[in-house]
Amino acid sequence: MAQQHLDPTDPTAPAVTADALAGYLRAQATEFLRALRLHRETGGAAGGGAEESVDAARALRRSARRISASLHTFRPLLEADWSEDMRPELAWVSGTLGLEHAYDSRLQRLLLALHRLSGVTVFPAQGTGRRGAATTPAGASGRPAPVAAGSRTTAATAPAPLQAALVPAGGPAQPSPAPERGTLTVGAAKAGALLERQLTLARTRAHSTALQALGSSRFHAVADQVAVLASDVPLTPAAAGTDLRPLAAAAEERLANAVAALPLVTAGHPYNAEALVHGLSPDPSPHPQDGPWHQVRLLLRLHRYAREVLHGTDRPADVRLLTSGQALNRHRDASEAAAAAAQAARTPRIAPATAYALGVLHADQRHEVEAARFAFQQAWQKETVGAP
């Protein structure tokens, strides 16, 4: 069966005691404090600042996620009040620090998609070039200032990733005939300007929110708790000698049940028309098909971190889990990008060409969602070579 090689337990292996959990939590807490110190030393600079600050922010999020996940999976072995108070605070830290990057990634994804859909062969420069990179406020990233909605878009005012779609290789001296997909190309330029204005504003606000959060008393309280955790893990008296494997197996079972509830048969089809229904409706709520997939992504992460507690971080990761997780990450990114395109399409008084380009962009990202679901299905159902 496909589930056999996912089992983190081995009946012939010795029990994994709570000491392994305590060591894992201490290591992650130490990593959190090290990343926090590096972030403070580099001044939390963004965009053109120190690369160390970018790495520090990523390490903070990574450690916070792992501590929070371990508190959730192994909560019967930890002091209940402390664990329940700590988990939401760590989730707040990780979520707050990740917002700026999420908006920047979303913008780059949508601009690249617009560029591709416009039929231009030259790929745009991608600002940061990496998922964890911090960004600069509006106008400081090297891209031209956004064009106001409804204004006349030219090669000089269009976003940099779309200028190649408007300016011929020989320069703008002589006007050229409209290309075959001219409506989409002009609409794409205006749609890109609209998306850049909206998402850059959101990104700038997220950057300010993150800086305020890192200087708040709430964050200092979290850091103090993590500092205590680095030396003293609050295990319950009953935790001594308790085997961790049943709790890790329960996390795996929750994942397997959630995957079993997914419509993997539908995901196996190349086109899922239901995924486009209500995509541009006035209701801004998330797409109804996406929720279960996002939940599987979270459960897969909990399972991976539970395996780290059992086997240590030095053991090579399960390739099948990594591939499945990457597919689910692409699913989330495409889903959120499609929602951003739909939100931009609801902007009042935009030109028909702009609305058309945003509709095409939304459909393109929903097809990316379906492609990611198919990739997850292929990865998840693939047997590991040599599995019993």
# chains A, B, ... in the order shown; residues from 1 in each chain; ligands from 1
>>> residues_around(residues="Arg205 of chain A", least_positions_apart="3", cutoff="12 Å", atoms="only C-alpha atoms", output="VMD selection string")
chain A and resid 96 to 97 99 to 101 103 to 104 135 to 138 198 to 202 208 to 212
>>> residues_around(residues="Arg37 of chain A", least_positions_apart="6", cutoff="12 Å", atoms="only C-alpha atoms", output="NGL selection string")
:A and (30-31 or 43-44 or 52-53 or 55-57 or 59-60 or 214 or 223 or 227)
>>> write_last_selection(atoms="all heavy atoms", output="PDB file, in the first residue's frame")
ATOM      1  N   THR A  30      16.857  27.704  20.294  1.00  0.00           N
ATOM      2  CA  THR A  30      18.182  28.311  20.132  1.00  0.00           C
ATOM      3  C   THR A  30      18.329  28.924  18.748  1.00  0.00           C
ATOM      4  O   THR A  30      18.880  30.026  18.590  1.00  0.00           O
ATOM      5  CB  THR A  30      19.270  27.248  20.356  1.00  0.00           C
ATOM      6  OG1 THR A  30      19.139  26.703  21.674  1.00  0.00           O
ATOM      7  CG2 THR A  30      20.656  27.854  20.195  1.00  0.00           C
ATOM      8  N   GLU A  31      17.816  28.238  17.731  1.00  0.00           N
ATOM      9  CA  GLU A  31      17.860  28.778  16.364  1.00  0.00           C
ATOM     10  C   GLU A  31      17.033  30.051  16.262  1.00  0.00           C
ATOM     11  O   GLU A  31      17.419  31.006  15.577  1.00  0.00           O
ATOM     12  CB  GLU A  31      17.350  27.724  15.385  1.00  0.00           C
ATOM     13  CG  GLU A  31      17.352  28.163  13.931  1.00  0.00           C
ATOM     14  CD  GLU A  31      18.746  28.467  13.409  1.00  0.00           C
ATOM     15  OE1 GLU A  31      19.724  27.927  13.969  1.00  0.00           O
ATOM     16  OE2 GLU A  31      18.853  29.262  12.454  1.00  0.00           O
ATOM     17  N   GLY A  43      19.771  45.250  11.581  1.00  0.00           N
ATOM     18  CA  GLY A  43      18.842  46.364  11.575  1.00  0.00           C
ATOM     19  C   GLY A  43      17.527  46.080  10.906  1.00  0.00           C
ATOM     20  O   GLY A  43      16.725  46.985  10.679  1.00  0.00           O
ATOM     21  N   GLY A  44      17.260  44.807  10.562  1.00  0.00           N
ATOM     22  CA  GLY A  44      15.992  44.491   9.894  1.00  0.00           C
ATOM     23  C   GLY A  44      15.858  45.168   8.553  1.00  0.00           C
ATOM     24  O   GLY A  44      14.763  45.503   8.120  1.00  0.00           O
ATOM     25  N   GLU A  52      21.852  39.142   5.134  1.00  0.00           N
ATOM     26  CA  GLU A  52      21.724  38.428   6.401  1.00  0.00           C
ATOM     27  C   GLU A  52      20.378  38.687   7.069  1.00  0.00           C
ATOM     28  O   GLU A  52      19.836  37.810   7.755  1.00  0.00           O
ATOM     29  CB  GLU A  52      22.855  38.838   7.354  1.00  0.00           C
ATOM     30  CG  GLU A  52      24.239  38.356   6.943  1.00  0.00           C
ATOM     31  CD  GLU A  52      24.870  39.234   5.873  1.00  0.00           C
ATOM     32  OE1 GLU A  52      24.225  40.229   5.476  1.00  0.00           O
ATOM     33  OE2 GLU A  52      25.999  38.921   5.439  1.00  0.00           O
ATOM     34  N   SER A  53      19.834  39.879   6.885  1.00  0.00           N
ATOM     35  CA  SER A  53      18.539  40.189   7.473  1.00  0.00           C
ATOM     36  C   SER A  53      17.437  39.340   6.853  1.00  0.00           C
ATOM     37  O   SER A  53      16.503  38.903   7.538  1.00  0.00           O
ATOM     38  CB  SER A  53      18.225  41.678   7.297  1.00  0.00           C
ATOM     39  OG  SER A  53      16.959  41.990   7.825  1.00  0.00           O
ATOM     40  N   ASP A  55      17.860  36.309   5.537  1.00  0.00           N
ATOM     41  CA  ASP A  55      18.031  34.957   6.048  1.00  0.00           C
ATOM     42  C   ASP A  55      17.558  34.866   7.499  1.00  0.00           C
ATOM     43  O   ASP A  55      16.998  33.838   7.907  1.00  0.00           O
ATOM     44  CB  ASP A  55      19.494  34.534   5.958  1.00  0.00           C
ATOM     45  CG  ASP A  55      19.978  34.432   4.517  1.00  0.00           C
ATOM     46  OD1 ASP A  55      19.131  34.201   3.633  1.00  0.00           O
ATOM     47  OD2 ASP A  55      21.186  34.588   4.286  1.00  0.00           O
ATOM     48  N   ALA A  56      17.781  35.918   8.274  1.00  0.00           N
ATOM     49  CA  ALA A  56      17.359  35.905   9.672  1.00  0.00           C
ATOM     50  C   ALA A  56      15.842  35.857   9.783  1.00  0.00           C
ATOM     51  O   ALA A  56      15.290  35.126  10.616  1.00  0.00           O
ATOM     52  CB  ALA A  56      17.909  37.133  10.397  1.00  0.00           C
ATOM     53  N   ALA A  57      15.154  36.627   8.948  1.00  0.00           N
ATOM     54  CA  ALA A  57      13.695  36.613   8.990  1.00  0.00           C
ATOM     55  C   ALA A  57      13.143  35.250   8.596  1.00  0.00           C
ATOM     56  O   ALA A  57      12.192  34.746   9.204  1.00  0.00           O
ATOM     57  CB  ALA A  57      13.138  37.697   8.060  1.00  0.00           C
ATOM     58  N   ALA A  59      14.722  32.394   9.002  1.00  0.00           N
ATOM     59  CA  ALA A  59      15.031  31.471  10.093  1.00  0.00           C
ATOM     60  C   ALA A  59      14.076  31.667  11.265  1.00  0.00           C
ATOM     61  O   ALA A  59      13.689  30.692  11.934  1.00  0.00           O
ATOM     62  CB  ALA A  59      16.477  31.666  10.552  1.00  0.00           C
ATOM     63  N   LEU A  60      13.697  32.908  11.532  1.00  0.00           N
ATOM     64  CA  LEU A  60      12.714  33.163  12.586  1.00  0.00           C
ATOM     65  C   LEU A  60      11.400  32.462  12.281  1.00  0.00           C
ATOM     66  O   LEU A  60      10.812  31.791  13.143  1.00  0.00           O
ATOM     67  CB  LEU A  60      12.487  34.670  12.735  1.00  0.00           C
ATOM     68  CG  LEU A  60      13.451  35.460  13.607  1.00  0.00           C
ATOM     69  CD1 LEU A  60      13.172  36.956  13.483  1.00  0.00           C
ATOM     70  CD2 LEU A  60      13.323  35.023  15.065  1.00  0.00           C
ATOM     71  N   LEU A 214       7.907  43.417  15.564  1.00  0.00           N
ATOM     72  CA  LEU A 214       9.185  43.032  16.141  1.00  0.00           C
ATOM     73  C   LEU A 214       9.606  43.954  17.279  1.00  0.00           C
ATOM     74  O   LEU A 214      10.438  43.570  18.107  1.00  0.00           O
ATOM     75  CB  LEU A 214      10.256  43.013  15.055  1.00  0.00           C
ATOM     76  CG  LEU A 214      10.134  41.886  14.023  1.00  0.00           C
ATOM     77  CD1 LEU A 214      11.170  42.054  12.921  1.00  0.00           C
ATOM     78  CD2 LEU A 214      10.277  40.529  14.681  1.00  0.00           C
ATOM     79  N   ALA A 223       9.590  36.242  22.686  1.00  0.00           N
ATOM     80  CA  ALA A 223      11.027  35.981  22.691  1.00  0.00           C
ATOM     81  C   ALA A 223      11.494  35.540  24.076  1.00  0.00           C
ATOM     82  O   ALA A 223      12.361  34.658  24.186  1.00  0.00           O
ATOM     83  CB  ALA A 223      11.783  37.234  22.245  1.00  0.00           C
ATOM     84  N   ALA A 227      13.250  32.036  24.958  1.00  0.00           N
ATOM     85  CA  ALA A 227      14.534  31.993  25.670  1.00  0.00           C
ATOM     86  C   ALA A 227      14.476  31.002  26.824  1.00  0.00           C
ATOM     87  O   ALA A 227      15.444  30.267  27.083  1.00  0.00           O
ATOM     88  CB  ALA A 227      14.900  33.386  26.160  1.00  0.00           C
TER      89      ALA A 227
END
>>> residues_around(residues="Val309 of chain A", least_positions_apart="5", cutoff="7 Å", atoms="only C-alpha atoms", output="ChimeraX atom specification")
/A:20-21,24
>>> residues_around(residues="segment 312-325 of chain A", least_positions_apart="4", cutoff="12 Å", atoms="only C-alpha atoms", output="NGL selection string")
:A and (2-3 or 5-8 or 16 or 20-21 or 23-25 or 27-28 or 66 or 252 or 255 or 259 or 293-308 or 329-332 or 372-385 or 387)
